[in-house]
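Q: Got a file for you: coords.pdb, PDB, C-alpha atoms, pLDDT in the B column.
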ATOM      1  CA  MET A   1     104.961 116.659 151.602  1.00 61.00           C
ATOM      2  CA  ASN A   2     102.637 116.907 154.587  1.00 65.00           C
ATOM      3  CA  ILE A   3     102.127 113.943 156.940  1.00 72.00           C
ATOM      4  CA  ASP A   4      99.253 113.654 159.405  1.00 74.00           C
ATOM      5  CA  LYS A   5      98.300 110.602 161.506  1.00 73.00           C
ATOM      6  CA  SER A   6      95.993 109.177 158.840  1.00 80.00           C
ATOM      7  CA  ILE A   7      96.702 111.312 155.767  1.00 84.00           C
ATOM      8  CA  VAL A   8      99.740 111.913 153.615  1.00 80.00           C
ATOM      9  CA  ASN A   9      99.544 114.856 151.205  1.00 80.00           C
ATOM     10  CA  LEU A  10     101.967 114.937 148.325  1.00 77.00           C
ATOM     11  CA  GLU A  11     102.636 117.710 145.875  1.00 81.00           C
ATOM     12  CA  ILE A  12     103.582 116.910 142.280  1.00 80.00           C
ATOM     13  CA  LEU A  13     106.708 118.899 141.548  1.00 79.00           C
ATOM     14  CA  GLU A  14     107.278 117.828 137.983  1.00 76.00           C
ATOM     15  CA  LYS A  15     105.650 115.669 135.327  1.00 73.00           C
ATOM     16  CA  VAL A  16     107.960 113.856 132.972  1.00 66.00           C
ATOM     17  CA  ASP A  17     106.608 112.469 129.723  1.00 65.00           C
ATOM     18  CA  ILE A  18     108.413 109.386 128.535  1.00 69.00           C
ATOM     19  CA  ASN A  19     108.072 108.847 124.817  1.00 72.00           C
ATOM     20  CA  ARG A  20     108.783 105.257 123.891  1.00 76.00           C
ATOM     21  CA  GLU A  21     107.471 105.609 120.347  1.00 83.00           C
ATOM     22  CA  SER A  22     109.768 105.575 117.356  1.00 85.00           C
ATOM     23  CA  GLU A  23     109.830 108.567 115.032  1.00 87.00           C
ATOM     24  CA  LEU A  24     109.907 106.058 112.175  1.00 92.00           C
ATOM     25  CA  LYS A  25     106.489 104.717 111.231  1.00 96.00           C
ATOM     26  CA  VAL A  26     106.864 101.056 110.334  1.00 97.00           C
ATOM     27  CA  ARG A  27     103.828  99.627 108.563  1.00 98.00           C
ATOM     28  CA  LEU A  28     103.895  95.851 108.272  1.00 98.00           C
ATOM     29  CA  TYR A  29     101.803  94.335 105.471  1.00 98.00           C
ATOM     30  CA  GLN A  30     101.317  90.710 106.475  1.00 97.00           C
ATOM     31  CA  GLY A  31     100.127  87.986 104.102  1.00 96.00           C
ATOM     32  CA  LEU A  32      97.505  86.139 106.157  1.00 93.00           C
ATOM     33  CA  PRO A  33      99.022  83.208 108.066  1.00 91.00           C
ATOM     34  CA  LYS A  34      97.289  80.634 110.257  1.00 84.00           C
ATOM     35  CA  ALA A  35      95.796  81.941 113.531  1.00 79.00           C
ATOM     36  CA  PRO A  36      98.472  80.867 116.064  1.00 85.00           C
ATOM     37  CA  LYS A  37     101.202  82.428 113.909  1.00 92.00           C
ATOM     38  CA  MET A  38      99.156  85.599 113.498  1.00 93.00           C
ATOM     39  CA  GLU A  39      98.872  85.996 117.251  1.00 95.00           C
ATOM     40  CA  MET A  40     102.622  85.702 117.742  1.00 96.00           C
ATOM     41  CA  ILE A  41     103.278  88.148 114.894  1.00 97.00           C
ATOM     42  CA  LEU A  42     100.932  90.744 116.419  1.00 98.00           C
ATOM     43  CA  GLN A  43     102.473  90.392 119.863  1.00 98.00           C
ATOM     44  CA  LYS A  44     106.105  90.619 118.751  1.00 98.00           C
ATOM     45  CA  LEU A  45     105.574  93.434 116.222  1.00 98.00           C
ATOM     46  CA  THR A  46     103.889  95.463 118.950  1.00 98.00           C
ATOM     47  CA  GLU A  47     106.793  94.842 121.321  1.00 97.00           C
ATOM     48  CA  VAL A  48     109.473  95.983 118.841  1.00 96.00           C
ATOM     49  CA  GLY A  49     107.617  99.191 117.928  1.00 96.00           C
ATOM     50  CA  VAL A  50     105.685  98.696 114.679  1.00 97.00           C
ATOM     51  CA  GLU A  51     103.086 101.444 114.193  1.00 97.00           C
ATOM     52  CA  GLU A  52     100.561  99.641 112.014  1.00 98.00           C
ATOM     53  CA  ILE A  53      99.848  96.049 110.975  1.00 98.00           C
ATOM     54  CA  ILE A  54      97.874  95.547 107.765  1.00 97.00           C
ATOM     55  CA  LEU A  55      96.548  92.097 106.933  1.00 95.00           C
ATOM     56  CA  VAL A  56      96.637  91.097 103.269  1.00 96.00           C
ATOM     57  CA  GLN A  57      94.989  88.272 101.333  1.00 94.00           C
ATOM     58  CA  THR A  58      97.631  86.953  98.925  1.00 95.00           C
ATOM     59  CA  LYS A  59      97.609  84.158  96.382  1.00 93.00           C
ATOM     60  CA  ARG A  60      99.151  81.646  98.792  1.00 90.00           C
ATOM     61  CA  SER A  61      97.320  82.728 101.942  1.00 89.00           C
ATOM     62  CA  VAL A  62      96.048  79.504 103.501  1.00 80.00           C
ATOM     63  CA  VAL A  63      93.540  81.359 105.665  1.00 78.00           C
ATOM     64  CA  LYS A  64      90.492  82.934 104.101  1.00 73.00           C
ATOM     65  CA  VAL A  65      88.788  85.313 106.498  1.00 69.00           C
ATOM     66  CA  ASP A  66      85.057  84.695 106.805  1.00 64.00           C
ATOM     67  CA  ASP A  67      83.074  87.926 107.315  1.00 60.00           C
ATOM     68  CA  LYS A  68      80.984  86.325 110.078  1.00 58.00           C
ATOM     69  CA  LYS A  69      84.053  85.258 112.047  1.00 64.00           C
ATOM     70  CA  GLU A  70      86.211  88.271 111.172  1.00 72.00           C
ATOM     71  CA  ASP A  71      84.843  90.502 113.958  1.00 76.00           C
ATOM     72  CA  LYS A  72      85.625  87.942 116.671  1.00 84.00           C
ATOM     73  CA  LYS A  73      89.125  87.329 115.292  1.00 86.00           C
ATOM     74  CA  PHE A  74      89.817  91.054 115.110  1.00 88.00           C
ATOM     75  CA  GLU A  75      88.575  91.528 118.685  1.00 91.00           C
ATOM     76  CA  ARG A  76      90.976  88.839 119.881  1.00 93.00           C
ATOM     77  CA  TRP A  77      93.852  90.186 117.787  1.00 94.00           C
ATOM     78  CA  GLU A  78      93.285  93.737 119.034  1.00 95.00           C
ATOM     79  CA  ARG A  79      93.294  92.441 122.623  1.00 97.00           C
ATOM     80  CA  ILE A  80      96.653  90.731 121.958  1.00 97.00           C
ATOM     81  CA  ILE A  81      98.052  94.003 120.569  1.00 98.00           C
ATOM     82  CA  TYR A  82      96.717  95.945 123.562  1.00 97.00           C
ATOM     83  CA  GLU A  83      98.267  93.534 126.088  1.00 98.00           C
ATOM     84  CA  ALA A  84     101.621  93.546 124.265  1.00 97.00           C
ATOM     85  CA  ALA A  85     101.609  97.365 124.105  1.00 96.00           C
ATOM     86  CA  LYS A  86     100.855  97.547 127.827  1.00 95.00           C
ATOM     87  CA  GLN A  87     103.590  95.024 128.672  1.00 96.00           C
ATOM     88  CA  SER A  88     106.209  96.855 126.594  1.00 94.00           C
ATOM     89  CA  LYS A  89     105.075 100.260 127.924  1.00 93.00           C
ATOM     90  CA  ARG A  90     104.181 101.619 124.504  1.00 92.00           C
ATOM     91  CA  GLY A  91     102.682 105.104 124.470  1.00 89.00           C
ATOM     92  CA  LYS A  92     100.504 104.182 121.529  1.00 93.00           C
ATOM     93  CA  ILE A  93      98.520 101.084 120.557  1.00 96.00           C
ATOM     94  CA  PRO A  94      99.509  99.897 117.057  1.00 97.00           C
ATOM     95  CA  LYS A  95      96.702 100.012 114.526  1.00 97.00           C
ATOM     96  CA  LEU A  96      95.395  96.763 113.002  1.00 96.00           C
ATOM     97  CA  ARG A  97      93.821  97.015 109.544  1.00 94.00           C
ATOM     98  CA  GLY A  98      92.618  94.689 106.857  1.00 79.00           C
ATOM     99  CA  VAL A  99      91.937  92.422 105.317  1.00 90.00           C
ATOM    100  CA  LEU A 100      93.158  94.100 102.102  1.00 95.00           C
ATOM    101  CA  SER A 101      93.427  92.456  98.729  1.00 94.00           C
ATOM    102  CA  PHE A 102      96.924  92.200  97.247  1.00 96.00           C
ATOM    103  CA  LYS A 103      96.115  95.050  94.846  1.00 97.00           C
ATOM    104  CA  GLU A 104      94.760  97.249  97.669  1.00 97.00           C
ATOM    105  CA  ALA A 105      97.920  96.621  99.691  1.00 97.00           C
ATOM    106  CA  LEU A 106     100.146  97.762  96.802  1.00 98.00           C
ATOM    107  CA  GLU A 107      98.064 100.931  96.508  1.00 97.00           C
ATOM    108  CA  ASP A 108      98.221 101.540 100.269  1.00 97.00           C
ATOM    109  CA  MET A 109     102.012 101.161 100.266  1.00 97.00           C
ATOM    110  CA  LYS A 110     102.366 104.270  98.085  1.00 96.00           C
ATOM    111  CA  LYS A 111     102.025 106.442 101.205  1.00 96.00           C
ATOM    112  CA  ASN A 112     105.328 105.115 102.634  1.00 96.00           C
ATOM    113  CA  ASN A 113     108.669 106.783 101.884  1.00 95.00           C
ATOM    114  CA  VAL A 114     110.311 103.394 101.343  1.00 96.00           C
ATOM    115  CA  ASN A 115     108.908  99.893 100.854  1.00 97.00           C
ATOM    116  CA  ILE A 116     110.749  96.609 101.192  1.00 98.00           C
ATOM    117  CA  CYS A 117     109.712  93.035 100.585  1.00 98.00           C
ATOM    118  CA  PRO A 118     111.872  90.197 101.896  1.00 98.00           C
ATOM    119  CA  TYR A 119     111.896  87.365  99.362  1.00 97.00           C
ATOM    120  CA  GLU A 120     113.627  84.010  99.768  1.00 95.00           C
ATOM    121  CA  ASN A 121     114.832  83.941  96.133  1.00 94.00           C
ATOM    122  CA  GLU A 122     116.487  87.376  96.246  1.00 95.00           C
ATOM    123  CA  ARG A 123     120.258  86.894  96.267  1.00 91.00           C
ATOM    124  CA  THR A 124     121.829  90.264  95.441  1.00 94.00           C
ATOM    125  CA  VAL A 125     120.200  93.020  97.541  1.00 95.00           C
ATOM    126  CA  SER A 126     120.238  92.588 101.315  1.00 96.00           C
ATOM    127  CA  ILE A 127     117.770  94.380 103.569  1.00 96.00           C
ATOM    128  CA  LYS A 128     120.691  96.118 105.278  1.00 93.00           C
ATOM    129  CA  HIS A 129     122.042  97.391 101.948  1.00 93.00           C
ATOM    130  CA  ALA A 130     118.598  98.638 100.831  1.00 94.00           C
ATOM    131  CA  LEU A 131     118.009 100.474 104.120  1.00 93.00           C
ATOM    132  CA  LYS A 132     121.508 102.000 104.204  1.00 90.00           C
ATOM    133  CA  LYS A 133     120.699 103.717 100.882  1.00 90.00           C
ATOM    134  CA  CYS A 134     117.672 105.444 102.456  1.00 88.00           C
ATOM    135  CA  ASP A 135     117.616 109.153 103.153  1.00 82.00           C
ATOM    136  CA  SER A 136     118.037 109.785 106.880  1.00 78.00           C
ATOM    137  CA  ASN A 137     114.941 112.020 106.865  1.00 84.00           C
ATOM    138  CA  ILE A 138     112.422 109.340 105.916  1.00 90.00           C
ATOM    139  CA  ASP A 139     109.561 108.932 108.351  1.00 92.00           C
ATOM    140  CA  SER A 140     107.811 105.789 107.101  1.00 96.00           C
ATOM    141  CA  VAL A 141     108.754 102.318 105.913  1.00 97.00           C
ATOM    142  CA  GLY A 142     106.423  99.676 104.543  1.00 98.00           C
ATOM    143  CA  ILE A 143     107.410  96.027 104.882  1.00 98.00           C
ATOM    144  CA  PHE A 144     105.510  93.392 102.889  1.00 98.00           C
ATOM    145  CA  ILE A 145     105.767  89.839 104.242  1.00 98.00           C
ATOM    146  CA  GLY A 146     104.356  86.804 102.474  1.00 96.00           C
ATOM    147  CA  PRO A 147     102.225  84.125 104.143  1.00 95.00           C
ATOM    148  CA  GLU A 148     103.263  80.488 104.603  1.00 92.00           C
ATOM    149  CA  GLY A 149     104.494  79.473 101.160  1.00 91.00           C
ATOM    150  CA  GLY A 150     105.663  83.014 100.382  1.00 94.00           C
ATOM    151  CA  PHE A 151     104.728  85.146  97.403  1.00 96.00           C
ATOM    152  CA  SER A 152     104.124  83.808  93.911  1.00 95.00           C
ATOM    153  CA  GLU A 153     106.494  84.966  91.152  1.00 95.00           C
ATOM    154  CA  GLU A 154     103.651  87.036  89.657  1.00 97.00           C
ATOM    155  CA  GLU A 155     103.158  88.810  92.980  1.00 97.00           C
ATOM    156  CA  ILE A 156     106.885  89.564  93.244  1.00 97.00           C
ATOM    157  CA  GLU A 157     106.794  91.085  89.736  1.00 97.00           C
ATOM    158  CA  GLN A 158     103.841  93.278  90.767  1.00 97.00           C
ATOM    159  CA  ILE A 159     105.610  94.280  93.982  1.00 97.00           C
ATOM    160  CA  GLN A 160     108.719  95.342  92.026  1.00 96.00           C
ATOM    161  CA  LYS A 161     106.628  97.297  89.500  1.00 96.00           C
ATOM    162  CA  ASN A 162     105.181  99.252  92.421  1.00 94.00           C
ATOM    163  CA  ASN A 163     108.548 100.632  93.611  1.00 90.00           C
ATOM    164  CA  CYS A 164     109.019  98.153  96.405  1.00 95.00           C
ATOM    165  CA  ASN A 165     112.585  96.971  97.042  1.00 95.00           C
ATOM    166  CA  VAL A 166     112.749  93.188  96.990  1.00 97.00           C
ATOM    167  CA  VAL A 167     115.440  92.198  99.495  1.00 98.00           C
ATOM    168  CA  SER A 168     117.115  89.228 101.128  1.00 97.00           C
ATOM    169  CA  LEU A 169     117.062  88.552 104.868  1.00 97.00           C
ATOM    170  CA  GLY A 170     120.089  86.277 104.512  1.00 94.00           C
ATOM    171  CA  PRO A 171     120.964  82.779 103.341  1.00 94.00           C
ATOM    172  CA  ARG A 172     118.362  80.952 105.430  1.00 94.00           C
ATOM    173  CA  ILE A 173     114.644  80.781 104.653  1.00 94.00           C
ATOM    174  CA  LEU A 174     112.614  82.202 107.521  1.00 96.00           C
ATOM    175  CA  ARG A 175     109.056  81.385 108.499  1.00 95.00           C
ATOM    176  CA  THR A 176     106.512  84.160 107.978  1.00 96.00           C
ATOM    177  CA  GLU A 177     106.266  84.863 111.720  1.00 96.00           C
ATOM    178  CA  THR A 178     110.057  85.125 111.986  1.00 97.00           C
ATOM    179  CA  ALA A 179     110.525  87.201 108.815  1.00 98.00           C
ATOM    180  CA  SER A 180     108.004  89.845 109.923  1.00 98.00           C
ATOM    181  CA  VAL A 181     109.738  90.390 113.258  1.00 97.00           C
ATOM    182  CA  VAL A 182     113.279  90.228 111.827  1.00 98.00           C
ATOM    183  CA  ALA A 183     112.566  92.689 108.982  1.00 98.00           C
ATOM    184  CA  SER A 184     110.799  95.149 111.306  1.00 97.00           C
ATOM    185  CA  THR A 185     113.567  94.942 113.873  1.00 96.00           C
ATOM    186  CA  ILE A 186     116.260  95.554 111.249  1.00 96.00           C
ATOM    187  CA  ALA A 187     114.354  98.574 109.864  1.00 95.00           C
ATOM    188  CA  LEU A 188     113.899 100.072 113.337  1.00 95.00           C
ATOM    189  CA  TYR A 189     117.561  99.421 114.149  1.00 93.00           C
ATOM    190  CA  GLU A 190     118.970 100.846 110.906  1.00 92.00           C
ATOM    191  CA  LEU A 191     116.642 103.853 110.573  1.00 91.00           C
ATOM    192  CA  SER A 192     115.407 104.643 114.063  1.00 87.00           C
ATOM    193  CA  ASP A 193     116.015 104.241 117.777  1.00 76.00           C
ATOM    194  CA  LEU A 194     116.026 100.483 118.355  1.00 73.00           C
ATOM    195  CA  GLY A 195     119.345  99.655 119.961  1.00 68.00           C
ATOM    196  CA  GLY A 196     119.753 103.100 121.522  1.00 68.00           C
ATOM    197  CA  GLU A 197     119.697 106.702 120.355  1.00 64.00           C
ATOM    198  CA  LYS A 198     119.491 107.328 116.633  1.00 56.00           C
TER
END
Show me, as structure tokens, the structure contained in the file I just sent.

A:
Amino acid sequence: MNIDKSIVNLEILEKVDINRESELKVRLYQGLPKAPKMEMILQKLTEVGVEEIILVQTKRSVVKVDDKKEDKKFERWERIIYEAAKQSKRGKIPKLRGVLSFKEALEDMKKNNVNICPYENERTVSIKHALKKCDSNIDSVGIFIGPEGGFSEEEIEQIQKNNCNVVSLGPRILRTETASVVASTIALYELSDLGGEK
């Protein structure tokens, strides 16, 4: 360090990279909810460390995205993600994709090592149990969350046929915006670094 009357010169001795990103890629497939809920979901998923958020049009999605309005909504949603990433000091901005059809989402989920789908009528397999059975070397988890009103029985059958573990989040029924954050947090806790070192 060199100090003059009007100038201070500093020398950088060392640069330290701080990686706040999880090694586990969590991709959250979200059945389209109403706008205010969507904004909260995007913010909280970004804060906990989700890598990618994929919007899906399901049978019970109340919201139908209009092509003319989609660009403005996506701009706003991406701004929410950016601000949440900045606030939580993320090294990476989560990706926002969609809107996929239900069938496209099932196809997209094939790239994940493990897929889970919380479902309010599942009584035997808990999310914790399903994740504990996972190989410790997995690098990606897909989580499929239904919109308000959940998934139809037909959709659940299709989800199961596509090697997605249908799981319970517990005895209480959670809202879509709560279920997405809870399921992601549990996955990051059980399989990654949330809560401390892995």

Q: With distances taken over all atoms listed in the file, which of A:Met109, A:Ile7, A:Val48, A:Ile145 is nearest to Asn162 of chain A?

A: A:Met109

Q: Return the single residue from A:Lys5, A:Ser101, A:Gln158, A:Glu47 that is closest to Lys89 of chain A, with distances computed using all atoms listed in the file.

A: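 Using all atoms listed in the file, the shortest distance to Lys89 of chain A belongs to A:Glu47.
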
Q: Restricting the calculation to only C-alpha atoms: of A:Glu122, A:Glu70, A:Glu39, A:Pro33, which residue gets closest to Arg175 of chain A?

A: A:Pro33

Q: Step by step, work through what the PyMOL selection byres ((chain A and resi 140-143) around 7) selects in the shown file, and finish by giving those residues as a VMD selection string.

A: chain A and resid 24 to 29 109 112 to 117 138 to 139 144 to 145

Q: Quick one: distance from atom CA of Leu191 of chain A to atom CA of Ser126 of chain A in Å, one decimal?

A: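 These atoms are spaced 15.0 Å apart.
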
Q: May I ask which of the residues A:Val166, A:Leu32, A:Leu188, A:Leu194 is the closest one to Tyr119 of chain A, counting all atoms listed in the file?

A: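 Nearest to Tyr119 of chain A: A:Val166.
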
Q: For the structure provided, state which residues fall under the PyMOL selection byres ((chain A and resi 103) around 10), and present them as a list in words.

A: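 For this structure, the PyMOL selection byres ((chain A and resi 103) around 10) resolves to Val56, Gln57, Thr58, Leu100, Ser101, Phe102, Glu104, Ala105, Leu106, Glu107, Asp108, Glu155, Gln158 and Ile159 of chain A.
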
Q: What does the file look like for those residues with C-alpha atoms, as a PDB file, keeping the file's coordinate frame?

A:
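The resulting part_34.pdb:
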ATOM      1  CA  VAL A  56      96.637  91.097 103.269  1.00 96.00           C
ATOM      2  CA  GLN A  57      94.989  88.272 101.333  1.00 94.00           C
ATOM      3  CA  THR A  58      97.631  86.953  98.925  1.00 95.00           C
ATOM      4  CA  LEU A 100      93.158  94.100 102.102  1.00 95.00           C
ATOM      5  CA  SER A 101      93.427  92.456  98.729  1.00 94.00           C
ATOM      6  CA  PHE A 102      96.924  92.200  97.247  1.00 96.00           C
ATOM      7  CA  GLU A 104      94.760  97.249  97.669  1.00 97.00           C
ATOM      8  CA  ALA A 105      97.920  96.621  99.691  1.00 97.00           C
ATOM      9  CA  LEU A 106     100.146  97.762  96.802  1.00 98.00           C
ATOM     10  CA  GLU A 107      98.064 100.931  96.508  1.00 97.00           C
ATOM     11  CA  ASP A 108      98.221 101.540 100.269  1.00 97.00           C
ATOM     12  CA  GLU A 155     103.158  88.810  92.980  1.00 97.00           C
ATOM     13  CA  GLN A 158     103.841  93.278  90.767  1.00 97.00           C
ATOM     14  CA  ILE A 159     105.610  94.280  93.982  1.00 97.00           C
TER      15      ILE A 159
END

Q: Out of A:Ile53, A:Gln43, A:Lys111, A:Ala179, which residue has the shortest atom-to-atom distance to Glu83 of chain A when counting all atoms listed in the file?

A: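 So, comparing all the options, the nearest one is A:Gln43.
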
Q: Would you translate the PyMOL selection byres ((chain A and resi 78) around 10) into the concrete set of residues it matches in this file, as a list in words?

A: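 Checking the PyMOL selection byres ((chain A and resi 78) around 10) against this file, the residues are Glu39, Leu42, Gln43, Lys72, Lys73, Phe74, Glu75, Arg76, Trp77, Arg79, Ile80, Ile81, Tyr82, Glu83, Ala84, Ile93, Pro94, Lys95 and Leu96 of chain A.
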
Q: For atom CA of Asn19 of chain A and atom CA of Lys92 of chain A, quote the distance in Å rounded to one decimal.

A: 9.5 Å

Q: Using all atoms listed in the file for the distances, tell me which of A:Ser152, A:Ser136, A:Ser88, A:Asn165 is nearest to Thr46 of chain A.

A: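 Using all atoms listed in the file, Thr46 of chain A sits closest to A:Ser88.
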
Q: Identify, on the basis of all atoms listed in the file, every residue whose closest approach to Val167 of chain A does not exceed 10 Å; exclude the query and any residue fewer than 2 positions from it along the same chain; express the result as a PDB file with C-alpha atoms, keeping the file's coordinate frame.

A:
ATOM      1  CA  ILE A 116     110.749  96.609 101.192  1.00 98.00           C
ATOM      2  CA  CYS A 117     109.712  93.035 100.585  1.00 98.00           C
ATOM      3  CA  PRO A 118     111.872  90.197 101.896  1.00 98.00           C
ATOM      4  CA  TYR A 119     111.896  87.365  99.362  1.00 97.00           C
ATOM      5  CA  GLU A 120     113.627  84.010  99.768  1.00 95.00           C
ATOM      6  CA  ASN A 121     114.832  83.941  96.133  1.00 94.00           C
ATOM      7  CA  GLU A 122     116.487  87.376  96.246  1.00 95.00           C
ATOM      8  CA  ARG A 123     120.258  86.894  96.267  1.00 91.00           C
ATOM      9  CA  THR A 124     121.829  90.264  95.441  1.00 94.00           C
ATOM     10  CA  VAL A 125     120.200  93.020  97.541  1.00 95.00           C
ATOM     11  CA  SER A 126     120.238  92.588 101.315  1.00 96.00           C
ATOM     12  CA  ILE A 127     117.770  94.380 103.569  1.00 96.00           C
ATOM     13  CA  LYS A 128     120.691  96.118 105.278  1.00 93.00           C
ATOM     14  CA  HIS A 129     122.042  97.391 101.948  1.00 93.00           C
ATOM     15  CA  ALA A 130     118.598  98.638 100.831  1.00 94.00           C
ATOM     16  CA  LEU A 131     118.009 100.474 104.120  1.00 93.00           C
ATOM     17  CA  CYS A 164     109.019  98.153  96.405  1.00 95.00           C
ATOM     18  CA  ASN A 165     112.585  96.971  97.042  1.00 95.00           C
ATOM     19  CA  LEU A 169     117.062  88.552 104.868  1.00 97.00           C
ATOM     20  CA  GLY A 170     120.089  86.277 104.512  1.00 94.00           C
ATOM     21  CA  ALA A 183     112.566  92.689 108.982  1.00 98.00           C
TER      22      ALA A 183
END

Q: Grab the atom CA of Gly146 of chain A to atom CA of Lys59 of chain A distance for me, in Å with one decimal place.

A: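 Interatomic distance here is 9.5 Å.
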